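Let me begin by presenting the structure, written as structure tokens, before commenting on it.
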Amino acid sequence: MEPVGARPCASPWPAGWTRGAAPPARPAPANPRHAEGHGWSMAGVLTRQADDFPQWYQDVLNKAELADNGPARGTMVIRPYGYGIWERMQADLDRRIKRAGAQNAYFPVLIPLSYLQREAEHVEKFSPELAVVTHGGGEQLAEPLAVRPTSETVINVFMAKWIHSYRDLPLLLNQWANVVRWELRPRAFLRTAEFLWQEGHTAHATREDARAYALRVATEVYRDFMREVLAIPVFLGRKTRRERFGGATNSISCEAVMRDGKALQMGTSHELGQRFAQAFDVAFQDADGIRQFAWTTSWGVSTRMVGGLIMAHGDDGGLRLPPAVAPVQVVLMAVTADGGAAAALDGVGAGLEAAGVRIHRDARVDLSYGRRVVDWELKGVPVRVVVGPRELAAGQCSVTRRDTGAAEKVPLGEAVARCQALLAAIQRDMLVAATAERDARVVDAATVPEALSAAETGLARIPWSAVGEAGETELNAHGATVRCLQAADGSVPASEDEAGVVALVARAY
RNA sequence: CGGGGUGUGGCCCAGCUUGGUAGGGCGCCUGGUUCGGGACCAGGAGGCCGGCGGUUCAAAUCCGCCCACCCCGACCA
């Protein structure tokens with residue numbers, strides 16, 4: 001007997017993905033070319049999102065050449081095209097982080113295990129996912145070394161060494177690094193045993209300063225980056241006690257909604273109070289000569305954002321990339337090998353390059369036209385410029401945008417300017433579209449059962465007073481979580497107990 | 001830790017019940033015809049059938065042990 005719906009698969013990624021979840025209703029494809037009756041279909045190329053979203057994600061990873069599974073369970077190889085996206089994210093974030101005053105540094109990947117144990121809640125939360133090195137050079141180590149799951153501990157040791165006076169504060173550090181967390185349910189980009197991220201660590205003289213900085217990073221660095229560069233709108237909110245980072249006094253998170261209605265935590269910024277400072281003796285003398293503990297923060301975003309980008313924008317044709325992070329912004333291709341198409345495209349390409357646009361010339365005329373088109377659609381290249389005999393005869397090129405599928409004929413002489421305008425429009429329109437789609441998935445709820453029902457297809461807004469710790473337990477028992485808490489006006493509340501606080505509830509990756 | 005399942009070219013799988021020269025699709029290589037939405041034809045490369053042992057004239061197939069991975073549950077969050 002054949003188990004219905006069984007999909008044997010050697011890959012570890014899709015494991016348990018749809019556990020208990022009914023496939024939510026899906027919106028109509030954003031790309032009109034894929035609509036019923038239009039004739040062009042990606043059938044056979046990609047699993048449709050509505051049929052099996054996790055399989056669609058897996059197909060996109062493979063066909064857009066984003067990532068492969070690593071040899072060790074839970075590890076991932078990021079392929080050049082996927083890494084190109086990450087590099088674009090890194091470059092922009094790095095600028096924003098520096099604009100916020102932080103400087104880059106680098107701390108070791110191996111951390112003495114005893115460091116991890118100095119802050120009680122920190123070690124409690126991270127122990128289950130630690131990878132520990134016990135041998136080196138063929139000898140058992142006197143003290144095991146943890147492979148960093150995050151670097152608060154080692155960085156605080158050095159903050160303690162470097163900070164003496166209030167004049168040394170604030171100390172604003174950031175590092176780009178890899179971290180390892182032993183995950184039992186890995187999912188490519190979203191939860192991998194090893195991932196790449198940036199982790200910021202700061203020390204401040206006052207609680208107010210630390211709090212303001214953690215919020216500043218969450219808004220000016222993370223939220224703005226996600227909106228302006230990734231074209232993904234996020235809810236900024238406060239984590240509940242249960243969802244808080246191990247060792248934090250407050251965690252602020254950026255929560256995005258994917259196209260299957262599930263939420264994804266795209267980034268977090270934590271107030272650590274004086275807990276790490278006390279554990280690691282990060283202290284300074286204030287202007288009055290009084291010795292005080294510093295107030296610290298930490299904040300990070302990771303390669304998980306690549307997964308979020310895929311799932312927030314991708315459609316049945318594959319990836320859709322906002323121009324700001326697209327490794328290739330415009331692809332140029334000829335329909336056939338003969339004629340003067342190549343020369344015409346060279347001219348447009350040279351103009352685009354001179355204008356600073358990232359282009360790719362697809363010279364593979366030995367492949368069928370359809371094959372090449374599908375390739376670039378799968379890869380989400382924002383704009384495609386095509387020249388064939390028809391265009392050539394008219395002195396034009398065909399310019400097609402990936403986000404809407406809209407195509408137009410443009411005189412060759414105007415192609416560069418038109419592409420630039422389109423790239424700007426796509427960047428804007430993708431945010432507008434993603435925002436509309438997200439908002440359509442947000443439902444107001446008054447009770448925990450109502451919130452659970454709404455979480456089947458999206459995100460529920462429910463008064464936190466109607467949930468509480470008991471309600472949160474109930475939600476968790478049914479696969480939903482409180483993603484974050486917001487004040488009535490959408491801002492980040494200073495405490496859970498503020499009047500009018502609203503909980504955003506969803507199933508999450 | 002308990003229950004269930006799967007290991008066969010790069011990928012997905014058939015073959016196993018009833019032992020008898022290792023197959024198909026996709027991908028890859030060559031040549032040709034094609035090329036306006038994943039083309040077609042022909043030829044070709046590529047496999048200690050997860051490992052060890054057993055039964056047998058003969059094992060991918062039957063038996064035993066082991067390993068790895070996956071699913072459900074438990075645990076954790």
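Ordering of the structure tokens sets the chain letters (A, B, ...), residue numbers begin anew at 1 in every chain, and ligands are numbered from 1 in the order given.
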
Within 7 Å of stretch 38-49 of chain B using only C-alpha atoms (C1' of nucleotides), minus same-chain residues under 2 positions, as a list of chain:residue names |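 Near neighbours after the sequence-gap exclusion: A:Val45, A:Ser368, A:Gly370, A:Arg371, A:Val374, B:U8, B:G9, B:C29, B:U34, B:A60.
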
Find the residues around A:Thr447 up to 12 Å (only C-alpha atoms (C1' of nucleotides) counted), leave out those fewer than 2 positions away in its own chain, and share them as a PyMOL selection string.
-> chain A and resi 443-445+449-454+460-468+471-472+474-475+503+505

Nearest to A:Asn69 by atom-to-atom distance, counting only C-alpha atoms, from A:Leu485, A:Ala188, A:Ala177, A:Val501 |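 Nearest candidate to A:Asn69 out of A:Leu485, A:Ala188, A:Ala177, A:Val501: A:Ala188.
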
Write out, as JSON lines, each residue of chain B that has an atom at most 10 Å from chain A, together with the closest pair of atoms and their distance in Å to one decimal, counting only C-alpha atoms (C1' of nucleotides), rows going by chain and rising number.
{"residue": "B:G5", "atom": "C1'", "partner": "A:Pro8", "partner_atom": "CA", "distance": 9.7}
{"residue": "B:U6", "atom": "C1'", "partner": "A:Pro8", "partner_atom": "CA", "distance": 7.8}
{"residue": "B:G7", "atom": "C1'", "partner": "A:Ala10", "partner_atom": "CA", "distance": 9.4}
{"residue": "B:C11", "atom": "C1'", "partner": "A:Ala10", "partner_atom": "CA", "distance": 9.8}
{"residue": "B:C12", "atom": "C1'", "partner": "A:Cys9", "partner_atom": "CA", "distance": 8.5}
{"residue": "B:C13", "atom": "C1'", "partner": "A:Pro8", "partner_atom": "CA", "distance": 9.8}
{"residue": "B:U34", "atom": "C1'", "partner": "A:Ser368", "partner_atom": "CA", "distance": 8.3}
{"residue": "B:C35", "atom": "C1'", "partner": "A:Ser368", "partner_atom": "CA", "distance": 4.7}
{"residue": "B:G36", "atom": "C1'", "partner": "A:Val335", "partner_atom": "CA", "distance": 6.8}
{"residue": "B:G37", "atom": "C1'", "partner": "A:Gly370", "partner_atom": "CA", "distance": 4.3}
{"residue": "B:G38", "atom": "C1'", "partner": "A:Arg371", "partner_atom": "CA", "distance": 4.4}
{"residue": "B:A39", "atom": "C1'", "partner": "A:Ser368", "partner_atom": "CA", "distance": 6.9}
{"residue": "B:C69", "atom": "C1'", "partner": "A:Ala10", "partner_atom": "CA", "distance": 7.5}
{"residue": "B:C70", "atom": "C1'", "partner": "A:Ala15", "partner_atom": "CA", "distance": 7.6}
{"residue": "B:C71", "atom": "C1'", "partner": "A:Gly16", "partner_atom": "CA", "distance": 7.8}
{"residue": "B:C72", "atom": "C1'", "partner": "A:Gly16", "partner_atom": "CA", "distance": 9.9}
{"residue": "B:C76", "atom": "C1'", "partner": "A:Pro128", "partner_atom": "CA", "distance": 7.7}
{"residue": "B:A77", "atom": "C1'", "partner": "A:Lys125", "partner_atom": "CA", "distance": 8.3}

Test item, strand (DSSP E or B) assignment across stretch 79-309 of chain A, answer as JSON, numbers by chain | {"A": [103, 104, 110, 111, 112, 131, 132, 133, 134, 135, 136, 139, 140, 141, 142, 143, 144, 145, 146, 147, 165, 171, 172, 173, 174, 175, 176, 177, 178, 179, 180, 187, 191, 194, 195, 196, 197, 198, 199, 200, 201, 202, 203, 204, 235, 236, 237, 238, 250, 251, 252, 253, 254, 255, 256, 257, 263, 264, 265, 266, 267, 268, 269, 270, 271, 283, 284, 285, 291, 292, 293, 295, 296, 297, 298, 299, 300, 301, 302]}

Go through stretch 247-425 of chain A and collect every residue that DSSP, computed from the backbone, puts in alpha helix (DSSP H); the answer should be as a count of residues only.
-> 57

Residue among A:Ser251, A:Thr206, A:Thr303, A:Gln117 lying closest to A:Trp176, counting only C-alpha atoms =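 Looking only at the distances to A:Trp176, the closest residue turns out to be A:Thr303.
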
So how many Å separate atom CA of A:Ala91 and atom CA of A:Val325, to one decimal?
->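 One can read the atom CA of A:Ala91 to atom CA of A:Val325 distance as 9.6 Å.
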